[in-house]
Each structure stands twice: as C-alpha cells, then as structure tokens.
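Enquirer: start.cif (mmCIF, C-alpha atoms) pasted underneath:
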```cif
data_coords
#
loop_
_atom_site.label_atom_id
_atom_site.label_comp_id
_atom_site.auth_asym_id
_atom_site.auth_seq_id
_atom_site.Cartn_x
_atom_site.Cartn_y
_atom_site.Cartn_z
CA MET A 1 121.53 47.16 145.74
CA THR A 2 122.69 46.00 142.34
CA ASP A 3 126.46 45.66 142.04
CA THR A 4 126.61 47.12 138.54
CA LEU A 5 124.92 50.38 139.56
CA GLU A 6 126.29 50.84 143.06
CA ASN A 7 127.91 54.24 142.28
CA VAL A 8 125.29 56.86 141.45
CA ALA A 9 125.52 60.50 140.41
CA PHE A 10 122.58 62.80 141.14
CA ILE A 11 122.26 66.00 139.11
CA GLY A 12 119.64 68.43 140.46
CA ILE A 13 118.84 68.20 144.17
CA GLY A 14 115.85 70.50 144.53
CA LYS A 15 112.46 69.79 146.12
CA MET A 16 112.25 66.41 144.41
CA GLY A 17 115.91 65.59 143.79
CA LEU A 18 117.23 66.07 147.32
CA PRO A 19 114.85 63.66 149.07
CA MET A 20 115.23 61.19 146.19
CA SER A 21 119.02 61.27 146.49
CA ALA A 22 118.71 60.77 150.25
CA LEU A 23 116.55 57.67 149.70
CA VAL A 24 119.11 56.25 147.26
CA ALA A 25 121.92 56.86 149.75
CA ARG A 26 119.98 55.28 152.61
CA ALA A 27 119.46 52.19 150.46
CA GLY A 28 123.22 51.67 150.41
CA PHE A 29 124.21 53.20 147.10
CA ALA A 30 127.23 55.52 146.95
CA VAL A 31 125.73 58.86 145.88
CA THR A 32 127.62 61.86 144.55
CA ALA A 33 125.48 64.93 143.89
CA PHE A 34 125.74 68.33 142.26
CA ASP A 35 123.42 71.32 142.13
CA GLN A 36 123.79 75.01 141.28
CA SER A 37 122.34 75.99 144.68
CA VAL A 38 124.80 76.29 147.55
CA ALA A 39 121.96 75.91 150.05
CA ARG A 40 120.88 72.62 148.50
CA ILE A 41 124.46 71.39 148.39
CA ASN A 42 124.87 72.16 152.10
CA GLU A 43 121.62 70.37 152.93
CA ALA A 44 122.68 67.31 150.93
CA ARG A 45 126.08 67.26 152.60
CA ALA A 46 124.36 67.38 156.00
CA GLN A 47 122.50 64.21 154.99
CA GLY A 48 125.73 62.39 154.25
CA ILE A 49 125.68 62.76 150.47
CA SER A 50 129.01 63.35 148.75
CA ILE A 51 129.21 66.60 146.77
CA ALA A 52 131.20 67.01 143.57
CA VAL A 53 132.92 70.28 142.72
CA SER A 54 131.37 70.24 139.25
CA PRO A 55 128.64 68.34 137.42
CA ALA A 56 131.24 66.72 135.16
CA GLU A 57 133.09 65.38 138.21
CA ALA A 58 129.81 64.07 139.62
CA VAL A 59 129.05 61.92 136.57
CA SER A 60 132.59 60.87 135.68
CA GLY A 61 133.01 57.12 136.00
CA LYS A 62 129.54 56.57 137.48
CA ALA A 63 127.54 53.55 136.39
CA ALA A 64 124.22 55.38 136.91
CA ILE A 65 123.29 59.04 136.63
CA ILE A 66 119.93 60.33 137.87
CA THR A 67 118.77 63.78 136.83
CA SER A 68 115.97 65.85 138.36
CA LEU A 69 115.70 69.10 136.39
CA PRO A 70 112.93 71.71 136.21
CA ASP A 71 112.27 72.07 132.48
CA ASP A 72 113.41 71.63 128.88
CA ALA A 73 115.93 74.46 129.04
CA ALA A 74 117.61 73.02 132.12
CA LEU A 75 117.65 69.53 130.60
CA ARG A 76 119.22 70.68 127.35
CA GLY A 77 121.65 72.98 129.13
CA ALA A 78 122.84 70.29 131.52
CA LEU A 79 123.09 67.32 129.18
CA LEU A 80 123.58 68.49 125.59
CA GLY A 81 126.12 70.43 123.58
CA PRO A 82 129.92 70.59 123.70
CA THR A 83 129.98 71.02 127.48
CA GLY A 84 126.96 68.83 128.21
CA LEU A 85 127.21 66.09 130.78
CA ILE A 86 126.53 63.27 128.33
CA GLY A 87 130.02 63.89 126.99
CA ALA A 88 131.45 63.36 130.48
CA MET A 89 129.58 60.10 131.12
CA ALA A 90 131.27 56.76 130.69
CA PRO A 91 130.09 54.68 127.72
CA GLY A 92 127.81 51.96 129.06
CA ALA A 93 126.44 54.13 131.87
CA VAL A 94 122.70 54.32 132.52
CA LEU A 95 121.11 57.77 132.45
CA ILE A 96 117.85 57.92 134.42
CA GLU A 97 115.96 61.16 133.73
CA THR A 98 113.07 61.79 136.17
CA SER A 99 111.74 65.18 135.09
CA THR A 100 108.59 66.25 133.24
CA VAL A 101 109.89 67.52 129.91
CA SER A 102 108.82 67.61 126.28
CA VAL A 103 109.03 64.67 123.92
CA GLU A 104 111.26 66.77 121.63
CA ALA A 105 113.82 67.60 124.34
CA SER A 106 113.83 63.99 125.49
CA ALA A 107 114.40 62.71 121.96
CA ALA A 108 117.38 65.07 121.61
CA VAL A 109 118.87 63.61 124.78
CA ASP A 110 118.30 60.11 123.42
CA ALA A 111 120.19 60.87 120.22
CA ALA A 112 123.16 62.23 122.15
CA ALA A 113 123.10 59.31 124.59
CA GLN A 114 123.03 56.72 121.80
CA ALA A 115 125.97 58.40 120.09
CA ARG A 116 127.93 58.08 123.34
CA GLY A 117 126.86 54.48 124.05
CA ILE A 118 124.78 55.46 127.08
CA ALA A 119 121.52 53.72 127.97
CA TYR A 120 118.90 56.42 128.40
CA LEU A 121 115.85 55.68 130.54
CA ARG A 122 113.04 58.22 130.45
CA SER A 123 111.73 57.79 134.00
CA PRO A 124 109.43 60.69 134.91
CA VAL A 125 108.15 60.35 138.45
CA SER A 126 104.53 60.86 139.46
CA GLY A 127 103.77 62.38 142.84
CA ASN A 128 104.85 65.55 144.61
CA ALA A 129 107.35 66.96 147.06
CA SER A 130 105.13 66.23 150.07
CA ILE A 131 105.45 62.44 149.61
CA VAL A 132 108.77 61.96 147.83
CA HIS A 133 110.68 61.31 151.09
CA THR A 134 108.40 58.33 151.80
CA GLY A 135 109.34 56.50 148.61
CA ALA A 136 105.67 56.57 147.53
CA LEU A 137 106.28 58.11 144.11
CA THR A 138 105.63 56.04 141.02
CA CYS A 139 107.45 56.24 137.72
CA PHE A 140 106.83 55.51 134.06
CA VAL A 141 109.85 54.18 132.21
CA SER A 142 110.80 53.83 128.57
CA GLY A 143 114.10 53.11 126.88
CA PRO A 144 116.28 50.00 126.54
CA LYS A 145 114.52 47.11 128.30
CA ASP A 146 117.74 45.53 129.54
CA ALA A 147 118.81 48.84 131.11
CA PHE A 148 115.43 49.05 132.84
CA GLU A 149 115.87 45.58 134.33
CA THR A 150 119.34 46.51 135.56
CA ALA A 151 118.17 49.83 137.01
CA LYS A 152 114.96 48.52 138.60
CA PRO A 153 116.48 47.99 142.08
CA LEU A 154 117.77 51.56 141.97
CA LEU A 155 114.43 52.93 140.81
CA ALA A 156 112.73 50.95 143.59
CA THR A 157 114.58 53.01 146.21
CA ILE A 158 112.69 56.16 145.16
CA THR A 159 109.42 54.78 143.77
CA ARG A 160 106.90 52.19 144.95
CA ALA A 161 106.01 51.14 141.40
CA GLN A 162 107.86 51.23 138.08
CA THR A 163 105.88 50.73 134.87
CA TYR A 164 107.88 49.90 131.74
CA LEU A 165 106.10 51.18 128.62
CA GLY A 166 108.38 50.73 125.63
CA PRO A 167 111.73 51.49 123.95
CA ALA A 168 111.31 55.18 123.04
CA GLU A 169 109.36 58.21 124.34
CA GLU A 170 106.35 56.32 125.71
CA ALA A 171 107.09 57.38 129.30
CA ARG A 172 107.01 61.06 128.31
CA TYR A 173 103.56 60.67 126.78
CA ALA A 174 102.39 58.75 129.86
CA LYS A 175 103.47 61.50 132.26
CA LEU A 176 101.90 64.25 130.16
CA SER A 177 98.68 62.24 129.86
CA VAL A 178 98.46 61.77 133.63
CA ASN A 179 99.16 65.45 134.30
CA LEU A 180 96.47 66.40 131.78
CA MET A 181 93.95 64.39 133.81
CA ILE A 182 95.10 66.07 137.02
CA ALA A 183 94.80 69.58 135.55
CA VAL A 184 91.34 68.98 134.12
CA SER A 185 90.22 67.34 137.37
CA ALA A 186 91.26 70.45 139.30
CA ALA A 187 89.17 72.59 136.97
CA MET A 188 86.18 70.25 137.29
CA MET A 189 86.40 70.29 141.08
CA ALA A 190 86.42 74.09 141.06
CA GLU A 191 83.26 74.31 138.96
CA SER A 192 81.48 71.62 140.98
CA LEU A 193 82.27 73.28 144.29
CA ALA A 194 81.20 76.74 143.08
CA LEU A 195 77.91 75.37 141.73
CA ALA A 196 77.20 73.54 144.99
CA ARG A 197 77.88 76.64 147.06
CA LYS A 198 75.57 78.70 144.85
CA GLY A 199 72.94 76.04 145.52
CA GLY A 200 73.20 76.65 149.23
CA ILE A 201 75.30 73.64 150.22
CA ALA A 202 77.72 74.23 153.09
CA TRP A 203 81.44 73.93 152.34
CA GLN A 204 82.14 70.91 154.51
CA ASP A 205 78.98 69.18 153.28
CA ILE A 206 79.87 69.39 149.59
CA LEU A 207 83.39 68.15 150.28
CA LYS A 208 81.88 65.16 152.08
CA VAL A 209 79.54 64.58 149.14
CA LEU A 210 82.51 64.46 146.77
CA ASP A 211 84.43 62.12 149.06
CA ASP A 212 81.49 59.71 149.35
CA SER A 213 80.39 59.80 145.72
CA ALA A 214 81.19 57.73 142.65
CA ILE A 215 83.73 60.33 141.50
CA ALA A 216 85.83 60.08 144.70
CA SER A 217 89.07 59.22 142.92
CA PRO A 218 92.46 59.36 144.68
CA MET A 219 92.90 62.77 143.04
CA VAL A 220 89.62 64.07 144.54
CA LYS A 221 90.42 62.74 148.02
CA TYR A 222 93.96 64.13 147.75
CA LYS A 223 92.55 67.64 147.37
CA THR A 224 89.38 67.54 149.50
CA ALA A 225 91.60 67.03 152.56
CA PRO A 226 93.43 70.40 152.37
CA LEU A 227 90.34 72.15 151.00
CA ARG A 228 88.48 71.42 154.25
CA ASN A 229 90.76 73.97 155.90
CA ARG A 230 91.15 76.14 152.79
CA ASP A 231 94.81 75.19 152.67
CA PHE A 232 96.31 76.29 149.35
CA GLY A 233 99.93 75.72 150.33
CA SER A 234 101.70 74.42 147.25
CA THR A 235 102.50 70.79 146.65
CA PHE A 236 102.55 71.58 142.91
CA SER A 237 102.11 75.20 141.92
CA CYS A 238 99.95 76.96 139.34
CA LYS A 239 103.15 77.97 137.53
CA GLN A 240 104.27 74.36 137.36
CA MET A 241 100.90 73.22 136.08
CA ALA A 242 100.92 75.93 133.42
CA LYS A 243 104.36 74.74 132.30
CA ASP A 244 103.15 71.16 132.07
CA LEU A 245 100.04 72.19 130.15
CA ASP A 246 102.25 73.97 127.63
CA LEU A 247 104.13 70.68 127.18
CA ILE A 248 100.85 68.77 126.91
CA LEU A 249 99.48 71.12 124.27
CA GLY A 250 102.73 70.94 122.32
CA ALA A 251 102.60 67.15 122.36
CA GLY A 252 98.98 67.22 121.26
CA HIS A 253 99.70 69.55 118.36
CA ALA A 254 102.64 67.41 117.23
CA ALA A 255 100.60 64.20 117.45
CA GLY A 256 97.47 65.64 115.83
CA VAL A 257 95.29 65.27 118.94
CA PRO A 258 92.89 68.16 119.66
CA LEU A 259 93.25 68.88 123.40
CA GLN A 260 90.40 71.34 123.86
CA LEU A 261 90.03 70.88 127.60
CA ALA A 262 93.76 71.26 128.10
CA ALA A 263 93.72 74.55 126.19
CA GLN A 264 90.86 75.93 128.27
CA VAL A 265 92.43 74.89 131.57
CA ARG A 266 95.76 76.42 130.49
CA GLU A 267 93.98 79.77 130.23
CA THR A 268 92.62 79.30 133.75
CA TYR A 269 96.13 78.86 135.08
CA GLY A 270 97.30 81.85 133.05
CA SER A 271 94.63 83.92 134.81
CA LEU A 272 95.69 82.63 138.21
CA ILE A 273 99.32 83.51 137.53
CA ALA A 274 98.32 87.00 136.37
CA GLN A 275 96.38 87.44 139.63
CA GLY A 276 99.49 86.70 141.71
CA GLU A 277 98.61 83.06 142.42
CA GLY A 278 101.51 81.51 140.50
CA ASP A 279 103.14 79.97 143.56
CA THR A 280 99.83 78.80 145.05
CA ASP A 281 98.84 75.14 144.83
CA PHE A 282 97.25 74.14 141.53
CA ILE A 283 93.90 73.56 143.27
CA ALA A 284 93.64 77.37 143.42
CA THR A 285 91.28 76.79 140.48
CA VAL A 286 88.72 76.70 143.32
CA LYS A 287 89.46 80.30 144.29
CA HIS A 288 89.40 81.35 140.63
CA LEU A 289 85.88 79.99 140.09
CA GLU A 290 84.70 81.50 143.36
CA ARG A 291 85.86 84.92 142.22
CA LEU A 292 84.17 84.49 138.83
CA SER A 293 80.97 83.41 140.62
CA GLY A 294 80.93 86.27 143.12
CA LEU A 295 81.52 83.95 146.06
CA GLY A 296 83.49 84.94 149.13
CA GLU A 297 85.27 82.70 151.61
CA PRO A 298 83.04 79.90 152.90
CA LYS A 299 82.67 78.99 156.54
CA VAL A 300 85.07 76.17 157.32
#
```
The structure in this file should be written as structure tokens.

Expert:
Amino acid sequence: MTDTLENVAFIGIGKMGLPMSALVARAGFAVTAFDQSVARINEARAQGISIAVSPAEAVSGKAAIITSLPDDAALRGALLGPTGLIGAMAPGAVLIETSTVSVEASAAVDAAAQARGIAYLRSPVSGNASIVHTGALTCFVSGPKDAFETAKPLLATITRAQTYLGPAEEARYAKLSVNLMIAVSAAMMAESLALARKGGIAWQDILKVLDDSAIASPMVKYKTAPLRNRDFGSTFSCKQMAKDLDLILGAGHAAGVPLQLAAQVRETYGSLIAQGEGDTDFIATVKHLERLSGLGEPKV
C-alpha cells in the first residue's frame, strides 16, 4: 500500500466494481463505497467495505477515487455539473476512472478535474466479470505521469498489468481499439464455424482445429472453451458490445478513420438484440450466422 493513497473511495460497485473494491480492501486500503443499488451496497457491506450515505460523502477527503460506471451518461451524471462529484473531491486527489466511455465524455471529465486541481487517470480495465475477482484484469492508463506512478500500487491490486500510454486520452483509444478487435474476432469466428459445419465438419472437430491452428489467439481459446458445450452465458453481453461499437464508430468518425468492419459488426449485434439476444454473451454471433445459414444445433 502507498501511504499517500491509503484512503480510497469507490463509486459504482456493480459486476466489475464490487469485486474490484473487494480486492482493494483485501490489499489493506481503507475503502468507502457508494452505489445506487441497495442490493450491491448490502453485498459490499457483507464483504467488510464501508458504505457512505451519499456519493459526496464517499469521495470527501479521499486521496484516491475509483469509478466503475456503465456508460457516458452515468459518467457525466456522476462526475460533472453543479452537483457532480468532482466538486466534492479534495484538490490534489487522484481520480481513477476504469470504465469504457467515449473520448468526448472523458475529455469533459478531464477539463473539470483540471479546474479543481485533481489528477485524472483514464484507466479502462480489460477483461470481464468472470475473472475480475482474481486480479487478472489489465488496464491502459493515460493522464499525469506522476499521478500514475503514485497510483500504480493501487492499480496493481485490481490488475496484473498497467500500461501507461500518455498524458491525455490515449487510454480511451487503446480500450476502444482492443474492443474493436474482440468484436470483429467474434464475427469472424461465427462465419468460420458456420462454413466448417456446412462443409460437414463436426462441431467438436472444428473447435479443435481452431484451437490448434495459427489463429488460436487468447481470444479464440477464450471462446472455444464455452462453445464446446454451447454455453452462451454472458461474460460480456451483446448489448454491451453494441454500446462499445457505437463508441468505437464515434471515435473513428471523429478521427477520420473509416471503420467498415466495425460498422458491419455493429449491425450484427443490432440484429441479435432485436431477436431477444441482448443479454446473451457476445459470442452469440455464432448463433446468428447459424440461423442465416439454415443450420440447427450441432451435436456437442
């Protein structure tokens, strides 16, 4: 633990935030949390985490504030404006924001933080809710370099690797770029598997081929495992992927980068959501291509 950041506020203790806050507390930091959900608050309290009566109380006087929020609207609503939490933070505090949000929303937070004398670290985490409790997430970080060095021991309680990328919004672009690769990979896997099945290859055999081939990336192996049993339980849902693809496309438009694959895959996820698959795991692209190809359930 670093002495300067020993008192930590945690805003947003959902699927990602609650296990992250528990890891921070187990590492010896004094954690005070707040969330809108009574159920989450009760679960955090049961894990020995202190609960504030309001978000402003949670952040007041804290040297470090970690936020885990679902989207741009939640980020802006929590941190900005006359009643936003940045106004309740002590000058000199470090704000560590772990969500996947747009560059524009992040830049607005930065402007407000600088005006208040707060060091703002964009620290989106990479991984999912199934592994967060293990500390195996990674994070991309951008913002003041000295604040990153100070916060690194804290970040190390929730992530196995922390990559510093620059002084501004570099971490936001990194997270969106990684998620773009994940989304397109899910679409590629779906097409490959449908083509193989049409060619008469058994389900387990084609999954083994993918695992043993040159394209057997960690992403491929991560999804061939549940696909063996046709397990589409969500680690990251179609709705979440669609949200991230909207952010990716927005970033591409703003930067002048044509993201043609991203646009096509976004429509795939739109179709899945329309078919009632919004809460299914994002690898449901496999089921989508099977339906388009006239394929039923394979033998597992």

Enquirer: Starting from the PyMOL selection byres ((chain A and resi 104-115) around 8), expand the selection into actual residues of this file and give them as a short mmCIF file (atom, residue, chain, number, x, y, z; two decimals) with C-alpha atoms, keeping the file's coordinate frame.

Expert:
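See result-v4.cif below for the written result:
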```
data_model
loop_
_atom_site.label_atom_id
_atom_site.label_comp_id
_atom_site.auth_asym_id
_atom_site.auth_seq_id
_atom_site.Cartn_x
_atom_site.Cartn_y
_atom_site.Cartn_z
CA ASP A 72 113.41 71.63 128.88
CA LEU A 75 117.65 69.53 130.60
CA ARG A 76 119.22 70.68 127.35
CA LEU A 79 123.09 67.32 129.18
CA LEU A 80 123.58 68.49 125.59
CA ILE A 86 126.53 63.27 128.33
CA VAL A 101 109.89 67.52 129.91
CA SER A 102 108.82 67.61 126.28
CA VAL A 103 109.03 64.67 123.92
CA ARG A 116 127.93 58.08 123.34
CA GLY A 117 126.86 54.48 124.05
CA ILE A 118 124.78 55.46 127.08
CA ALA A 119 121.52 53.72 127.97
CA TYR A 120 118.90 56.42 128.40
CA ARG A 122 113.04 58.22 130.45
CA GLU A 169 109.36 58.21 124.34
CA ARG A 172 107.01 61.06 128.31
#
```

Enquirer: If you apply the PyMOL selection byres ((chain A and resi 240) around 10) to this file, what residues do you get, as a PyMOL selection string?

Expert: chain A and resi 70-71+236-239+241-246+269+278-282

Enquirer: Under the PyMOL selection byres ((chain A and resi 167) around 10), which residues of this model are included? Write them out as a list in words.

Expert: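 Expected selection for the PyMOL selection byres ((chain A and resi 167) around 10) here is Tyr120, Leu121, Arg122, Val141, Ser142, Gly143, Pro144, Lys145, Phe148, Tyr164, Leu165, Gly166, Ala168, Glu169, Glu170 and Ala171 of chain A.
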
Enquirer: Work out how far CA of Val31 (chain A) is from CA of Ser50 (chain A), in Å to one decimal.

Expert: 6.3 Å

Enquirer: Please provide as a list in words all residues within 12 Å of Ala56 (chain A), with the sequence filter that same-chain residues fewer than 6 positions apart are discarded (counting all atoms listed in the file).

Expert: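 Everything that qualifies: Ala9, Phe10, Ile11, Thr32, Ala33, Phe34, Asp35, Lys62, Ile65, Ala78, Leu79, Thr83, Gly84, Leu85, Ile86, Gly87, Ala88, Met89 and Ala90 of chain A.
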
Enquirer: Could you tell me which of A:Val300, A:Pro91, A:His288, A:Gly233 comes closest to Leu207 (chain A) if we count only C-alpha atoms?

Expert: A:Val300

Enquirer: Would you work out the distance separating CA of Gln36 (chain A) from CA of Ser126 (chain A), expressed in Å to one decimal?

Expert: 24.0 Å

Enquirer: Residues at most 12 Å from Thr224 (chain A), counting all atoms listed in the file, excluding those fewer than 3 positions away in the same chain, as a list in words?

Expert: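 Once the nearby chain positions are removed, what remains is Ala186, Met189, Ala190, Leu193, Trp203, Gln204, Asp205, Ile206, Leu207, Lys208, Val209, Leu210, Asp211, Asp212, Ala216, Ser217, Pro218, Met219, Val220, Lys221, Leu227, Arg228, Asn229, Arg230, Asp231, Phe232, Ile283 and Val286 of chain A.
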
Enquirer: Could the residues in this selection be written to a file with C-alpha atoms, as a PDB file, in the frame of the given file?

Expert:
```pdb
ATOM      1  CA  ALA A 186      91.260  70.450 139.300  1.00  0.00           C
ATOM      2  CA  MET A 189      86.400  70.290 141.080  1.00  0.00           C
ATOM      3  CA  ALA A 190      86.420  74.090 141.060  1.00  0.00           C
ATOM      4  CA  LEU A 193      82.270  73.280 144.290  1.00  0.00           C
ATOM      5  CA  TRP A 203      81.440  73.930 152.340  1.00  0.00           C
ATOM      6  CA  GLN A 204      82.140  70.910 154.510  1.00  0.00           C
ATOM      7  CA  ASP A 205      78.980  69.180 153.280  1.00  0.00           C
ATOM      8  CA  ILE A 206      79.870  69.390 149.590  1.00  0.00           C
ATOM      9  CA  LEU A 207      83.390  68.150 150.280  1.00  0.00           C
ATOM     10  CA  LYS A 208      81.880  65.160 152.080  1.00  0.00           C
ATOM     11  CA  VAL A 209      79.540  64.580 149.140  1.00  0.00           C
ATOM     12  CA  LEU A 210      82.510  64.460 146.770  1.00  0.00           C
ATOM     13  CA  ASP A 211      84.430  62.120 149.060  1.00  0.00           C
ATOM     14  CA  ASP A 212      81.490  59.710 149.350  1.00  0.00           C
ATOM     15  CA  ALA A 216      85.830  60.080 144.700  1.00  0.00           C
ATOM     16  CA  SER A 217      89.070  59.220 142.920  1.00  0.00           C
ATOM     17  CA  PRO A 218      92.460  59.360 144.680  1.00  0.00           C
ATOM     18  CA  MET A 219      92.900  62.770 143.040  1.00  0.00           C
ATOM     19  CA  VAL A 220      89.620  64.070 144.540  1.00  0.00           C
ATOM     20  CA  LYS A 221      90.420  62.740 148.020  1.00  0.00           C
ATOM     21  CA  LEU A 227      90.340  72.150 151.000  1.00  0.00           C
ATOM     22  CA  ARG A 228      88.480  71.420 154.250  1.00  0.00           C
ATOM     23  CA  ASN A 229      90.760  73.970 155.900  1.00  0.00           C
ATOM     24  CA  ARG A 230      91.150  76.140 152.790  1.00  0.00           C
ATOM     25  CA  ASP A 231      94.810  75.190 152.670  1.00  0.00           C
ATOM     26  CA  PHE A 232      96.310  76.290 149.350  1.00  0.00           C
ATOM     27  CA  ILE A 283      93.900  73.560 143.270  1.00  0.00           C
ATOM     28  CA  VAL A 286      88.720  76.700 143.320  1.00  0.00           C
TER      29      VAL A 286
END
```

Enquirer: Please reconstruct the missing atoms of region 220-230 of chain A (target: all heavy atoms) and return them as a short mmCIF file (atom, residue, chain, number, x, y, z; two decimals), in the frame of the given file.

Expert:
```
data_model
loop_
_atom_site.label_atom_id
_atom_site.label_comp_id
_atom_site.auth_asym_id
_atom_site.auth_seq_id
_atom_site.Cartn_x
_atom_site.Cartn_y
_atom_site.Cartn_z
N VAL A 220 90.63 63.30 143.81
CA VAL A 220 89.62 64.07 144.54
C VAL A 220 89.91 64.04 146.04
O VAL A 220 89.94 65.08 146.71
CB VAL A 220 88.21 63.54 144.24
CG1 VAL A 220 87.18 64.15 145.20
CG2 VAL A 220 87.82 63.84 142.80
N LYS A 221 90.16 62.86 146.58
CA LYS A 221 90.42 62.74 148.02
C LYS A 221 91.71 63.45 148.41
O LYS A 221 91.83 63.99 149.51
CB LYS A 221 90.47 61.27 148.42
CG LYS A 221 89.10 60.60 148.42
CD LYS A 221 89.20 59.15 148.86
CE LYS A 221 87.82 58.51 148.95
NZ LYS A 221 87.04 59.06 150.08
N TYR A 222 92.68 63.46 147.52
CA TYR A 222 93.96 64.13 147.75
C TYR A 222 93.75 65.63 147.96
O TYR A 222 94.43 66.25 148.77
CB TYR A 222 94.86 63.85 146.55
CG TYR A 222 96.09 64.70 146.40
CD1 TYR A 222 97.00 64.88 147.43
CD2 TYR A 222 96.37 65.31 145.17
CE1 TYR A 222 98.14 65.65 147.26
CE2 TYR A 222 97.51 66.07 144.99
CZ TYR A 222 98.38 66.24 146.03
OH TYR A 222 99.50 67.00 145.85
N LYS A 223 92.76 66.21 147.26
CA LYS A 223 92.55 67.64 147.37
C LYS A 223 91.39 68.04 148.29
O LYS A 223 91.38 69.17 148.78
CB LYS A 223 92.34 68.24 145.97
CG LYS A 223 93.65 68.37 145.20
CD LYS A 223 94.68 69.16 146.01
CE LYS A 223 96.03 69.20 145.36
NZ LYS A 223 97.06 69.80 146.24
N THR A 224 90.43 67.15 148.54
CA THR A 224 89.38 67.54 149.50
C THR A 224 89.96 67.69 150.90
O THR A 224 89.47 68.50 151.69
CB THR A 224 88.23 66.51 149.53
OG1 THR A 224 88.76 65.21 149.74
CG2 THR A 224 87.42 66.56 148.24
N ALA A 225 91.00 66.94 151.22
CA ALA A 225 91.60 67.03 152.56
C ALA A 225 92.11 68.44 152.87
O ALA A 225 91.67 69.06 153.85
CB ALA A 225 92.70 65.99 152.71
N PRO A 226 93.00 69.03 152.06
CA PRO A 226 93.43 70.40 152.37
C PRO A 226 92.33 71.45 152.16
O PRO A 226 92.32 72.48 152.83
CB PRO A 226 94.60 70.64 151.41
CG PRO A 226 94.41 69.66 150.30
CD PRO A 226 93.77 68.47 150.94
N LEU A 227 91.40 71.17 151.25
CA LEU A 227 90.34 72.15 151.00
C LEU A 227 89.41 72.30 152.21
O LEU A 227 88.80 73.36 152.39
CB LEU A 227 89.52 71.75 149.77
CG LEU A 227 90.17 72.02 148.41
CD1 LEU A 227 89.33 71.41 147.29
CD2 LEU A 227 90.37 73.51 148.18
N ARG A 228 89.32 71.29 153.05
CA ARG A 228 88.48 71.42 154.25
C ARG A 228 88.92 72.59 155.11
O ARG A 228 88.10 73.25 155.74
CB ARG A 228 88.53 70.12 155.07
CG ARG A 228 87.75 68.98 154.45
CD ARG A 228 87.59 67.81 155.42
NE ARG A 228 86.87 66.74 154.76
CZ ARG A 228 87.44 65.76 154.08
NH1 ARG A 228 88.77 65.72 153.97
NH2 ARG A 228 86.72 64.83 153.50
N ASN A 229 90.22 72.85 155.12
CA ASN A 229 90.76 73.97 155.90
C ASN A 229 91.19 75.13 155.01
O ASN A 229 91.90 76.02 155.48
CB ASN A 229 91.95 73.49 156.74
CG ASN A 229 91.56 72.43 157.73
OD1 ASN A 229 90.57 72.56 158.44
ND2 ASN A 229 92.34 71.35 157.78
N ARG A 230 90.77 75.10 153.75
CA ARG A 230 91.15 76.14 152.79
C ARG A 230 92.66 76.31 152.73
O ARG A 230 93.20 77.41 152.70
CB ARG A 230 90.48 77.47 153.15
CG ARG A 230 88.96 77.42 153.22
CD ARG A 230 88.33 77.30 151.86
NE ARG A 230 88.48 78.51 151.07
CZ ARG A 230 87.96 78.69 149.86
NH1 ARG A 230 87.24 77.71 149.31
NH2 ARG A 230 88.13 79.81 149.20
#
```
